[in-house]
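A.B. asks: For reference, this is start-v3.txt, and it has compact mmCIF, C-alpha atoms.
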# COMPACT_ATOMS: atom_id res chain seq x y z
CA MET M 1 -12.39 20.49 7.77
CA VAL M 2 -10.17 22.77 9.85
CA THR M 3 -6.86 23.35 8.10
CA HIS M 4 -3.67 23.22 10.09
CA PRO M 5 -1.09 25.10 8.03
CA ASP M 6 1.77 24.26 10.40
CA LEU M 7 0.86 20.59 10.62
CA GLN M 8 0.34 20.39 6.87
CA ASN M 9 3.75 21.99 6.31
CA GLN M 10 5.38 19.61 8.73
CA PHE M 11 3.75 16.64 6.94
CA ASP M 12 4.76 17.92 3.48
CA LEU M 13 8.32 18.40 4.69
CA GLN M 14 8.45 14.89 6.19
CA VAL M 15 7.27 13.39 2.92
CA ALA M 16 9.60 15.54 0.84
CA GLU M 17 12.58 14.48 2.94
CA ASP M 18 11.63 10.79 2.64
CA GLN M 19 10.86 10.57 6.35
CA ARG M 20 8.31 7.91 7.16
CA ILE M 21 4.95 8.95 8.54
CA GLU M 22 4.14 7.00 11.72
CA PRO M 23 0.70 6.26 13.23
CA LYS M 24 0.78 9.02 15.83
CA ASP M 25 1.99 11.72 13.42
CA TRP M 26 -0.53 14.22 12.10
CA MET M 27 -1.58 13.39 8.56
CA PRO M 28 -4.10 14.92 6.16
CA GLU M 29 -7.44 13.12 6.15
CA PRO M 30 -7.29 12.23 2.43
CA TYR M 31 -3.85 10.64 2.98
CA ARG M 32 -5.30 8.49 5.76
CA ARG M 33 -8.32 7.54 3.66
CA THR M 34 -6.18 6.64 0.67
CA LEU M 35 -3.98 4.44 2.82
CA VAL M 36 -6.92 2.70 4.48
CA ARG M 37 -8.37 2.00 1.05
CA GLN M 38 -5.12 0.80 -0.48
CA ILE M 39 -3.84 -1.27 2.46
CA SER M 40 -7.20 -2.92 3.11
CA GLN M 41 -7.61 -3.70 -0.60
CA HIS M 42 -4.16 -5.20 -0.54
CA ALA M 43 -5.06 -7.29 2.54
CA HIS M 44 -8.30 -8.46 0.94
CA SER M 45 -6.36 -9.48 -2.18
CA GLU M 46 -4.09 -11.70 -0.10
CA ILE M 47 -7.08 -13.35 1.59
CA VAL M 48 -9.23 -13.78 -1.54
CA GLY M 49 -6.06 -14.79 -3.38
CA MET M 50 -5.96 -17.96 -1.29
CA LEU M 51 -9.12 -19.25 -3.00
CA PRO M 52 -7.97 -19.90 -6.61
CA GLU M 53 -4.91 -21.81 -5.36
CA GLY M 54 -6.68 -23.47 -2.45
CA ASN M 55 -8.79 -25.07 -5.16
CA TRP M 56 -5.78 -27.21 -6.20
CA ILE M 57 -4.22 -28.22 -2.87
CA THR M 58 -6.02 -31.56 -2.71
CA ARG M 59 -5.28 -32.24 -6.39
CA ALA M 60 -1.59 -31.33 -6.51
CA PRO M 61 0.28 -33.92 -8.62
CA SER M 62 2.79 -34.93 -5.92
CA LEU M 63 3.33 -34.63 -2.18
CA ARG M 64 6.15 -32.15 -2.81
CA ARG M 65 3.93 -29.89 -4.92
CA LYS M 66 1.18 -30.19 -2.32
CA ALA M 67 3.44 -29.16 0.58
CA VAL M 68 4.74 -26.21 -1.46
CA LEU M 69 1.28 -25.02 -2.47
CA LEU M 70 0.08 -25.33 1.10
CA ALA M 71 3.07 -23.28 2.30
CA LYS M 72 2.35 -20.61 -0.30
CA VAL M 73 -1.32 -20.31 0.62
CA GLN M 74 -0.30 -20.19 4.30
CA ASP M 75 2.02 -17.28 3.51
CA GLU M 76 -0.83 -15.44 1.84
CA ALA M 77 -2.96 -15.74 4.98
CA GLY M 78 -0.02 -14.31 6.93
CA HIS M 79 0.41 -11.47 4.46
CA GLY M 80 -3.27 -10.60 4.80
CA LEU M 81 -2.82 -10.39 8.56
CA TYR M 82 0.27 -8.13 8.38
CA LEU M 83 -1.65 -5.79 6.12
CA TYR M 84 -4.88 -5.74 8.15
CA SER M 85 -2.77 -4.87 11.20
CA ALA M 86 -1.01 -2.06 9.32
CA ALA M 87 -4.41 -0.67 8.28
CA GLU M 88 -5.65 -0.87 11.88
CA THR M 89 -2.91 1.57 12.95
CA LEU M 90 -4.83 4.17 10.90
CA GLY M 91 -7.89 3.87 13.11
CA THR M 92 -10.06 1.48 11.12
CA SER M 93 -11.11 -1.85 12.63
CA ARG M 94 -10.68 -5.41 11.39
CA GLU M 95 -14.44 -5.89 11.62
CA GLN M 96 -15.15 -2.82 9.48
CA MET M 97 -12.70 -3.96 6.81
CA ILE M 98 -14.12 -7.48 6.68
CA ASP M 99 -17.66 -6.10 6.50
CA ASP M 100 -16.66 -3.83 3.61
CA LEU M 101 -15.16 -6.79 1.76
CA HIS M 102 -18.21 -8.95 2.29
CA SER M 103 -20.70 -6.23 1.33
CA GLY M 104 -18.77 -5.61 -1.90
CA LYS M 105 -17.90 -2.04 -0.88
CA ALA M 106 -14.17 -2.78 -0.68
CA LYS M 107 -12.36 -4.15 -3.70
CA TYR M 108 -9.59 -6.69 -4.11
CA SER M 109 -7.31 -7.41 -7.04
CA SER M 110 -9.42 -8.30 -10.08
CA ILE M 111 -7.02 -11.13 -11.01
CA PHE M 112 -8.56 -13.40 -8.37
CA ASN M 113 -11.89 -13.35 -10.16
CA TYR M 114 -10.51 -15.64 -12.87
CA PRO M 115 -10.87 -19.42 -12.53
CA THR M 116 -8.03 -21.92 -12.09
CA LEU M 117 -8.91 -24.56 -14.65
CA SER M 118 -5.81 -26.76 -14.72
CA TRP M 119 -2.73 -27.58 -12.68
CA ALA M 120 -0.69 -25.41 -15.05
CA ASP M 121 -2.58 -22.44 -13.61
CA MET M 122 -0.66 -22.96 -10.36
CA GLY M 123 2.50 -22.45 -12.34
CA ALA M 124 1.17 -19.44 -14.23
CA ILE M 125 -0.12 -17.80 -11.04
CA GLY M 126 3.20 -18.17 -9.22
CA TRP M 127 5.23 -17.05 -12.19
CA LEU M 128 3.01 -14.24 -13.53
CA VAL M 129 0.58 -13.15 -10.80
CA ASP M 130 3.21 -13.25 -8.06
CA GLY M 131 5.77 -11.82 -10.49
CA ALA M 132 3.47 -8.86 -11.12
CA ALA M 133 2.73 -8.55 -7.40
CA ILE M 134 6.45 -8.43 -6.62
CA MET M 135 6.98 -5.73 -9.24
CA ASN M 136 4.32 -3.70 -7.47
CA GLN M 137 5.37 -4.56 -3.92
CA VAL M 138 9.13 -3.98 -4.01
CA PRO M 139 8.75 -0.19 -4.36
CA LEU M 140 6.10 -0.28 -1.61
CA CYS M 141 8.86 -1.27 0.85
CA ARG M 142 9.78 2.44 0.61
CA THR M 143 6.23 3.78 0.80
CA SER M 144 5.80 6.84 3.03
CA TYR M 145 3.65 5.23 5.73
CA GLY M 146 5.90 3.37 8.20
CA PRO M 147 3.70 0.41 9.21
CA TYR M 148 2.79 -0.31 5.56
CA ALA M 149 6.45 -0.12 4.48
CA ARG M 150 7.52 -2.50 7.27
CA ALA M 151 4.75 -4.98 6.42
CA MET M 152 5.88 -4.89 2.79
CA VAL M 153 9.48 -5.66 3.73
CA ARG M 154 8.35 -8.85 5.45
CA ILE M 155 6.01 -9.75 2.61
CA CYS M 156 8.59 -9.25 -0.15
CA LYS M 157 11.09 -11.38 1.72
CA GLU M 158 8.60 -14.23 2.00
CA GLU M 159 7.18 -13.76 -1.47
CA SER M 160 10.37 -14.60 -3.35
CA PHE M 161 9.73 -18.33 -3.21
CA HIS M 162 6.22 -17.94 -4.61
CA GLN M 163 7.37 -16.80 -8.02
CA ARG M 164 10.17 -19.37 -8.22
CA GLN M 165 7.96 -22.33 -7.38
CA GLY M 166 5.54 -21.17 -10.10
CA TYR M 167 8.30 -20.90 -12.65
CA GLU M 168 9.54 -24.36 -11.65
CA ILE M 169 6.09 -25.80 -12.38
CA MET M 170 6.11 -24.06 -15.77
CA MET M 171 9.61 -25.40 -16.56
CA THR M 172 8.55 -28.94 -15.69
CA LEU M 173 5.47 -28.72 -17.91
CA ALA M 174 7.34 -27.00 -20.74
CA LYS M 175 9.94 -29.78 -20.74
CA GLY M 176 7.27 -32.46 -20.48
CA SER M 177 4.99 -34.25 -22.93
CA GLU M 178 3.13 -32.56 -25.77
CA ALA M 179 0.00 -32.47 -23.60
CA GLN M 180 1.90 -30.86 -20.71
CA ARG M 181 3.38 -28.20 -22.98
CA ALA M 182 -0.10 -27.47 -24.32
CA MET M 183 -1.37 -27.10 -20.75
CA ALA M 184 1.40 -24.61 -19.95
CA GLN M 185 0.72 -22.61 -23.11
CA ASP M 186 -3.02 -22.59 -22.42
CA ALA M 187 -2.41 -21.25 -18.90
CA LEU M 188 -0.14 -18.50 -20.24
CA ASN M 189 -2.76 -17.63 -22.87
CA ARG M 190 -5.50 -17.23 -20.27
CA TRP M 191 -3.46 -15.39 -17.59
CA TRP M 192 -1.32 -13.01 -19.63
CA TRP M 193 -3.84 -10.21 -20.25
CA PRO M 194 -5.53 -10.31 -16.85
CA VAL M 195 -2.05 -10.12 -15.28
CA LEU M 196 -1.23 -6.96 -17.27
CA MET M 197 -4.51 -5.51 -15.94
CA MET M 198 -3.31 -6.11 -12.36
CA PHE M 199 -1.26 -2.91 -12.53
CA GLY M 200 -4.48 -0.93 -12.80
CA PRO M 201 -5.82 1.58 -15.31
CA LYS M 202 -3.57 3.56 -17.64
CA ASP M 203 -1.91 6.55 -15.99
CA ASP M 204 -4.17 9.10 -17.67
CA GLU M 205 -7.25 7.21 -16.43
CA SER M 206 -6.07 6.44 -12.91
CA PRO M 207 -7.78 8.91 -10.58
CA ASN M 208 -5.61 8.16 -7.53
CA THR M 209 -2.16 8.06 -9.07
CA ALA M 210 -1.16 11.75 -8.99
CA LEU M 211 -1.89 12.25 -5.29
CA SER M 212 -0.43 8.87 -4.33
CA MET M 213 2.79 9.78 -6.12
CA GLN M 214 2.85 13.19 -4.47
CA TRP M 215 2.42 11.57 -1.06
CA LYS M 216 5.04 8.96 -1.99
CA ILE M 217 2.61 6.15 -1.24
CA LYS M 218 3.34 5.01 -4.79
CA ARG M 219 6.82 5.36 -6.26
CA PHE M 220 6.03 4.31 -9.84
CA THR M 221 2.93 4.77 -11.96
CA ASN M 222 0.78 1.88 -13.17
CA ASP M 223 2.15 2.12 -16.71
CA GLU M 224 5.77 2.24 -15.53
CA LEU M 225 5.30 -0.93 -13.47
CA ARG M 226 3.45 -2.68 -16.29
CA GLN M 227 6.32 -1.92 -18.68
CA LYS M 228 8.92 -3.18 -16.18
CA PHE M 229 6.92 -6.38 -15.81
CA VAL M 230 6.66 -7.00 -19.56
CA ASP M 231 10.38 -6.33 -20.01
CA ALA M 232 11.27 -8.75 -17.22
CA THR M 233 8.84 -11.49 -18.25
CA VAL M 234 9.33 -11.83 -22.02
CA PRO M 235 12.80 -13.46 -21.71
CA GLN M 236 11.40 -15.84 -19.08
CA ALA M 237 8.67 -16.95 -21.50
CA GLU M 238 11.27 -17.37 -24.26
CA TYR M 239 13.33 -19.63 -22.02
CA LEU M 240 10.27 -21.83 -21.50
CA GLY M 241 9.69 -21.94 -25.26
CA LEU M 242 6.16 -20.59 -24.74
CA SER M 243 4.68 -17.76 -26.75
CA ILE M 244 3.04 -14.72 -25.20
CA PRO M 245 -0.43 -14.28 -26.74
CA ASP M 246 0.17 -10.80 -28.16
CA PRO M 247 0.89 -10.34 -31.89
CA ASP M 248 1.99 -6.73 -31.25
CA LEU M 249 4.67 -7.68 -28.74
CA LYS M 250 8.10 -6.72 -30.03
CA TRP M 251 11.38 -5.23 -28.82
CA ASN M 252 11.64 -1.51 -29.48
CA GLU M 253 15.28 -0.64 -29.97
CA THR M 254 14.72 3.11 -29.68
CA ARG M 255 12.77 2.95 -26.43
CA GLY M 256 14.83 0.13 -25.00
CA HIS M 257 11.58 -1.58 -23.99
CA TYR M 258 9.10 -4.08 -25.38
CA ASP M 259 6.09 -2.62 -27.16
CA PHE M 260 2.90 -4.52 -26.46
CA GLY M 261 -0.69 -4.58 -27.67
CA SER M 262 -3.59 -2.70 -26.14
CA ILE M 263 -5.40 -4.06 -23.12
CA ASN M 264 -9.12 -4.76 -23.17
CA TRP M 265 -10.14 -2.19 -20.57
CA ASP M 266 -13.84 -2.99 -20.95
CA GLU M 267 -13.10 -6.44 -19.58
CA PHE M 268 -11.08 -4.89 -16.72
CA TRP M 269 -13.91 -2.56 -15.66
CA GLU M 270 -16.50 -5.34 -15.94
CA VAL M 271 -14.46 -7.49 -13.54
CA VAL M 272 -13.91 -4.56 -11.17
CA LYS M 273 -17.67 -3.91 -11.19
CA GLY M 274 -18.30 -7.48 -10.07
CA ASN M 275 -19.06 -9.17 -13.38
CA GLY M 276 -15.92 -11.28 -13.77
CA PRO M 277 -16.11 -15.06 -14.13
CA CYS M 278 -15.73 -15.77 -10.38
CA ASN M 279 -16.61 -12.58 -8.44
CA ARG M 280 -19.77 -13.99 -6.92
CA GLN M 281 -18.18 -17.33 -6.10
CA ARG M 282 -15.20 -15.69 -4.36
CA LEU M 283 -17.32 -13.42 -2.15
CA GLU M 284 -19.68 -16.26 -1.32
CA ALA M 285 -16.73 -18.41 -0.24
CA ARG M 286 -15.40 -15.60 2.00
CA ARG M 287 -18.80 -14.92 3.58
CA LYS M 288 -19.44 -18.60 4.15
CA ALA M 289 -16.03 -19.09 5.79
CA HIS M 290 -16.66 -16.08 8.03
CA GLU M 291 -20.17 -17.13 9.03
CA GLU M 292 -19.30 -20.76 9.57
CA GLY M 293 -16.29 -19.72 11.64
CA ALA M 294 -18.40 -17.61 14.00
CA TRP M 295 -18.80 -20.41 16.54
CA VAL M 296 -15.01 -20.86 16.74
CA ARG M 297 -14.50 -17.17 17.54
CA GLU M 298 -17.29 -17.27 20.10
CA ALA M 299 -15.95 -20.43 21.74
CA ALA M 300 -12.43 -18.99 21.99
CA ALA M 301 -13.76 -15.80 23.58
CA ALA M 302 -15.90 -17.79 26.03
CA TYR M 303 -12.94 -19.99 26.98
CA ALA M 304 -10.67 -16.97 27.53
CA LYS M 305 -13.31 -15.37 29.72
CA LYS M 306 -13.70 -18.55 31.76
CA ARG M 307 -9.95 -18.84 32.29
CA MET M 308 -9.76 -15.23 33.41
CA THR M 309 -12.58 -15.75 35.94
CA ASN M 310 -10.89 -18.91 37.24
CA SER M 311 -7.50 -17.25 37.66
CA SER M 312 -8.97 -14.24 39.45
CA ASN M 313 -10.79 -16.63 41.81
CA ASP M 314 -7.43 -18.23 42.62
CA GLU M 315 -5.90 -14.96 43.79
CA MET W 1 7.13 1.82 53.63
CA ASP W 2 9.12 0.23 50.85
CA THR W 3 6.79 -0.84 48.10
CA GLN W 4 8.35 -1.95 44.83
CA TRP W 5 6.92 -0.04 41.89
CA PRO W 6 5.87 -2.20 38.96
CA LEU W 7 8.34 -3.13 36.25
CA TRP W 8 8.00 -1.63 32.75
CA GLU W 9 9.55 -2.75 29.47
CA VAL W 10 10.88 0.02 27.26
CA PHE W 11 10.79 0.05 23.46
CA ILE W 12 12.51 2.75 21.40
CA ARG W 13 12.11 3.77 17.80
CA SER W 14 15.55 5.10 16.89
CA LYS W 15 14.40 6.78 13.68
CA GLN W 16 11.15 7.37 11.80
CA GLY W 17 10.46 4.35 9.61
CA LEU W 18 12.10 1.77 11.89
CA ASP W 19 10.39 -0.57 14.37
CA HIS W 20 10.31 0.08 18.07
CA LYS W 21 12.97 -2.19 19.58
CA HIS W 22 13.17 -3.47 23.12
CA VAL W 23 15.99 -1.72 24.95
CA GLY W 24 15.48 -2.68 28.59
CA SER W 25 13.26 -2.13 31.58
CA LEU W 26 12.76 0.08 34.61
CA HIS W 27 10.57 0.48 37.68
CA ALA W 28 8.02 3.27 37.83
CA ALA W 29 4.83 4.08 39.70
CA ASP W 30 2.76 4.72 36.59
CA ALA W 31 2.94 5.03 32.83
CA GLN W 32 3.82 8.71 32.86
CA MET W 33 6.71 8.17 35.25
CA ALA W 34 7.84 5.17 33.22
CA MET W 35 7.82 7.30 30.08
CA GLU W 36 9.82 10.12 31.62
CA ASN W 37 12.29 7.76 33.24
CA ALA W 38 12.67 5.84 29.99
CA ARG W 39 13.50 9.11 28.28
CA ASP W 40 16.09 9.93 30.95
CA VAL W 41 17.60 6.47 31.11
CA TYR W 42 17.55 5.37 27.48
CA THR W 43 17.57 8.48 25.27
CA ARG W 44 20.08 10.82 26.94
CA ARG W 45 21.99 10.96 23.67
CA ARG W 46 19.00 11.29 21.38
CA GLU W 47 18.79 7.56 20.75
CA GLY W 48 15.10 7.77 19.93
CA VAL W 49 12.24 9.61 18.33
CA SER W 50 9.49 7.57 19.99
CA ILE W 51 9.11 5.47 23.14
CA TRP W 52 6.66 2.74 24.10
CA VAL W 53 6.42 1.56 27.70
CA VAL W 54 4.50 -1.59 28.56
CA GLU W 55 4.01 -2.96 32.04
CA SER W 56 6.07 -6.15 32.12
CA LYS W 57 3.22 -8.25 33.49
CA HIS W 58 1.38 -7.68 30.23
CA ILE W 59 4.09 -9.39 28.21
CA HIS W 60 3.70 -13.12 27.72
CA ALA W 61 6.91 -14.77 26.63
CA SER W 62 7.47 -18.19 25.06
CA ASN W 63 8.93 -20.76 27.42
CA PRO W 64 12.72 -21.22 26.92
CA ASP W 65 12.47 -24.84 28.15
CA GLU W 66 10.13 -25.62 25.28
CA GLN W 67 12.07 -23.63 22.74
CA GLU W 68 13.14 -26.60 20.63
CA ALA W 69 9.74 -28.25 20.36
CA PHE W 70 7.99 -24.92 19.95
CA PHE W 71 9.99 -23.78 16.93
CA ASP W 72 10.96 -27.03 15.22
CA PRO W 73 7.87 -27.33 12.97
CA ALA W 74 9.69 -24.94 10.59
CA ASP W 75 12.80 -27.13 10.39
CA ASP W 76 11.57 -29.61 7.78
CA LYS W 77 10.05 -26.98 5.49
CA ALA W 78 12.98 -25.98 3.35
CA TYR W 79 10.54 -25.30 0.54
CA ARG W 80 9.58 -22.02 2.22
CA HIS W 81 12.94 -20.65 1.05
CA PRO W 82 13.55 -19.39 -2.50
CA THR W 83 16.84 -21.31 -2.76
CA PHE W 84 14.86 -24.57 -2.67
CA TYR W 85 13.87 -23.99 -6.32
CA GLU W 86 16.22 -24.39 -9.26
CA VAL W 87 15.93 -21.52 -11.70
CA PRO W 88 18.42 -21.18 -14.59
CA ASP W 89 21.20 -18.65 -13.91
CA SER W 90 20.64 -17.00 -17.27
CA LEU W 91 17.25 -15.64 -16.15
CA THR W 92 16.90 -12.37 -14.26
CA HIS W 93 14.10 -10.84 -12.19
CA ILE W 94 13.13 -14.19 -10.71
Using the file provided, produce a representation of the structure as structure tokens.

C.D. replies:
Amino acid sequence: MVTHPDLQNQFDLQVAEDQRIEPKDWMPEPYRRTLVRQISQHAHSEIVGMLPEGNWITRAPSLRRKAVLLAKVQDEAGHGLYLYSAAETLGTSREQMIDDLHSGKAKYSSIFNYPTLSWADMGAIGWLVDGAAIMNQVPLCRTSYGPYARAMVRICKEESFHQRQGYEIMMTLAKGSEAQRAMAQDALNRWWWPVLMMFGPKDDESPNTALSMQWKIKRFTNDELRQKFVDATVPQAEYLGLSIPDPDLKWNETRGHYDFGSINWDEFWEVVKGNGPCNRQRLEARRKAHEEGAWVREAAAAYAKKRMTNSSNDE
Amino acid sequence: MDTQWPLWEVFIRSKQGLDHKHVGSLHAADAQMAMENARDVYTRRREGVSIWVVESKHIHASNPDEQEAFFDPADDKAYRHPTFYEVPDSLTHI
């Protein structure tokens, strides 16, 4: 690769001064590649993330819950679109990104490879999964790449109801019958550890963190965000009267943070590698939706073409 | 011969990191002229760091007569707003 000392200096200065990088600005190739990977992964997570919740739309316990869940899943489709568009400003195409998802080359958040076994999982996902996502996404509103930062501002604004509706479900169950409380506790037990894994590998084992921090794509490390999340979430669990499934969890007066037990990283890497409980099912569902939707895309293109021919004949 | 040049819509990014915002329009013979005129008309006081010009005929706008019916599907969906959900005041970060 040809090096451009002046351009590189200009870029470094822009980043150092917290200026946003915009699509037409020069940027180092590894910066572009990192962004394409991260933004497309983020987009894929929104799209695949519709599946575990979509599973419960028809079985929501009331019309109100159904309308809310539908609205949340709709938002996730929208968030996927904002992010795909942001990635496209970097010169990749929608088609390429979708192909990479479907071939297994591109990743998405490992959390969506876990099954949603009961209605309480809708509560746990909103409260914990969206809570963790928000922790991660709020600093991304100040990420160095302009289109990504602007997409994140929209997403964060819309996301705030997702966590609250989840917590509301958890409150209702926690205040309910013995069986409902057990359902809520079971959901917390199953989701807690996978949610902590959402922040990614430990800092000393995260290959991309150092550069991403230097480029100000990331503003906090994985471990910093994970700690913030634990600190924020423990009091919320206490309010519900549910217990977090970690015997090592305790307040550390000296650190001013909660200490927590060690994460099963073997499980994390197995899920990332494709061996989680639902990886195959999720990708199959995406591929099937894409293939079975082909005729709709073709019909729309054919109709647009026909209308164009008709209107040019009128002139 | 008096031929009207096409109309162009002008969008300005006032500062790195912000969106391009519509600021107005102008007539120009081609994109390059539109760009230079937009600079002279809309950024004489350094109001921008980036300009987009788009030929007006390429912009499709929603119909103001149908505004009500077009946008009202969102009116009965209060549950898309966080304030729809009751969360105890004592809790933070939620």

A.B. asks: Skip Met171 in chain M itself and residues of its chain fewer than 5 positions away, then list as an MDAnalysis selection string all residues within 12 Å of it, counting all atoms listed in the file.

C.D. replies: (chainID M and resid 120 123:124 127 164:166 176:177 180:181 183:185 236:242) or (chainID W and resid 85:88)

A.B. asks: Go ahead and save the picked residues with C-alpha atoms, as a PDB file, in the coordinates of the input.

C.D. replies:
ATOM      1  CA  ALA M 120      -0.690 -25.410 -15.050  1.00  0.00           C
ATOM      2  CA  GLY M 123       2.500 -22.450 -12.340  1.00  0.00           C
ATOM      3  CA  ALA M 124       1.170 -19.440 -14.230  1.00  0.00           C
ATOM      4  CA  TRP M 127       5.230 -17.050 -12.190  1.00  0.00           C
ATOM      5  CA  ARG M 164      10.170 -19.370  -8.220  1.00  0.00           C
ATOM      6  CA  GLN M 165       7.960 -22.330  -7.380  1.00  0.00           C
ATOM      7  CA  GLY M 166       5.540 -21.170 -10.100  1.00  0.00           C
ATOM      8  CA  GLY M 176       7.270 -32.460 -20.480  1.00  0.00           C
ATOM      9  CA  SER M 177       4.990 -34.250 -22.930  1.00  0.00           C
ATOM     10  CA  GLN M 180       1.900 -30.860 -20.710  1.00  0.00           C
ATOM     11  CA  ARG M 181       3.380 -28.200 -22.980  1.00  0.00           C
ATOM     12  CA  MET M 183      -1.370 -27.100 -20.750  1.00  0.00           C
ATOM     13  CA  ALA M 184       1.400 -24.610 -19.950  1.00  0.00           C
ATOM     14  CA  GLN M 185       0.720 -22.610 -23.110  1.00  0.00           C
ATOM     15  CA  GLN M 236      11.400 -15.840 -19.080  1.00  0.00           C
ATOM     16  CA  ALA M 237       8.670 -16.950 -21.500  1.00  0.00           C
ATOM     17  CA  GLU M 238      11.270 -17.370 -24.260  1.00  0.00           C
ATOM     18  CA  TYR M 239      13.330 -19.630 -22.020  1.00  0.00           C
ATOM     19  CA  LEU M 240      10.270 -21.830 -21.500  1.00  0.00           C
ATOM     20  CA  GLY M 241       9.690 -21.940 -25.260  1.00  0.00           C
ATOM     21  CA  LEU M 242       6.160 -20.590 -24.740  1.00  0.00           C
TER      22      LEU M 242
ATOM     23  CA  TYR W  85      13.870 -23.990  -6.320  1.00  0.00           C
ATOM     24  CA  GLU W  86      16.220 -24.390  -9.260  1.00  0.00           C
ATOM     25  CA  VAL W  87      15.930 -21.520 -11.700  1.00  0.00           C
ATOM     26  CA  PRO W  88      18.420 -21.180 -14.590  1.00  0.00           C
TER      27      PRO W  88
END

A.B. asks: At a cut-off of 6 Å, which residues of chain M touch chain W? Count all atoms listed in the file and give the answer as a count of residues only.

C.D. replies: 4

A.B. asks: Give me, as a list in words, all polymer residues having an atom no more than 9 Å from Met135 in chain M, counting only C-alpha atoms and skipping those fewer than 5 positions away in the same chain.

C.D. replies: Asp130, Leu225, Arg226, Lys228 and Phe229 of chain M

A.B. asks: Quick one: distance from CA of Arg13 in chain W to CA of Val49 in chain W in Å, one decimal?

C.D. replies: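 Going from CA of Arg13 in chain W over to CA of Val49 in chain W covers 5.9 Å.
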
A.B. asks: Using all atoms listed in the file, determine which residues lie at most 10 Å from Tyr31 in chain M, disregarding the query and same-chain residues fewer than 6 positions distant; provide the list as a count of residues only.

C.D. replies: 6

A.B. asks: Between W:Val41, W:Met35, W:Val10, W:Ala74, which one has atoms that come closest to Val23 in chain W, using all atoms listed in the file?

C.D. replies: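 Among the listed residues, the smallest separation from Val23 in chain W belongs to W:Val10.
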
A.B. asks: Please provide the set of residues having any atom within 12 Å of His290 in chain M, restricted to only C-alpha atoms, with same-chain residues fewer than 3 positions apart removed, written as JSON, numbers by chain.

C.D. replies: {"M": [47, 95, 98, 99, 101, 102, 283, 284, 285, 286, 287, 293, 294, 295, 296, 297]}

A.B. asks: Just the residues within 9 Å of Ala29 in chain W, please, counting only C-alpha atoms, with nothing from its chain fewer than 5 positions along; format it as a PyMOL selection string.

C.D. replies: chain W and resi 4-7+34

A.B. asks: Would you mind exporting C-alpha atoms of the selected residues as a compact mmCIF listing (two decimals), keeping the file's coordinate frame?

C.D. replies:
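What follows is the written file again_19.txt:
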# COMPACT_ATOMS: atom_id res chain seq x y z
CA GLN W 4 8.35 -1.95 44.83
CA TRP W 5 6.92 -0.04 41.89
CA PRO W 6 5.87 -2.20 38.96
CA LEU W 7 8.34 -3.13 36.25
CA ALA W 34 7.84 5.17 33.22

A.B. asks: Measure the distance from CA of Glu159 in chain M to CA of Gln67 in chain W in Å and round it to one decimal.

C.D. replies: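 Separation of CA of Glu159 in chain M and CA of Gln67 in chain W: 26.6 Å.
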
A.B. asks: Quick check, in Å to one decimal: how far apart do CA of Ile263 in chain M and CA of Ala210 in chain M lie?

C.D. replies: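 About the pair CA of Ile263 in chain M and CA of Ala210 in chain M: they are 21.6 Å apart.
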
A.B. asks: Rank M:Ser262, M:Asn9, M:Thr172, M:Ser110 by their smallest atom-to-atom distance to Ser45 in chain M, using only C-alpha atoms, and report the top residue only.

C.D. replies: M:Ser110
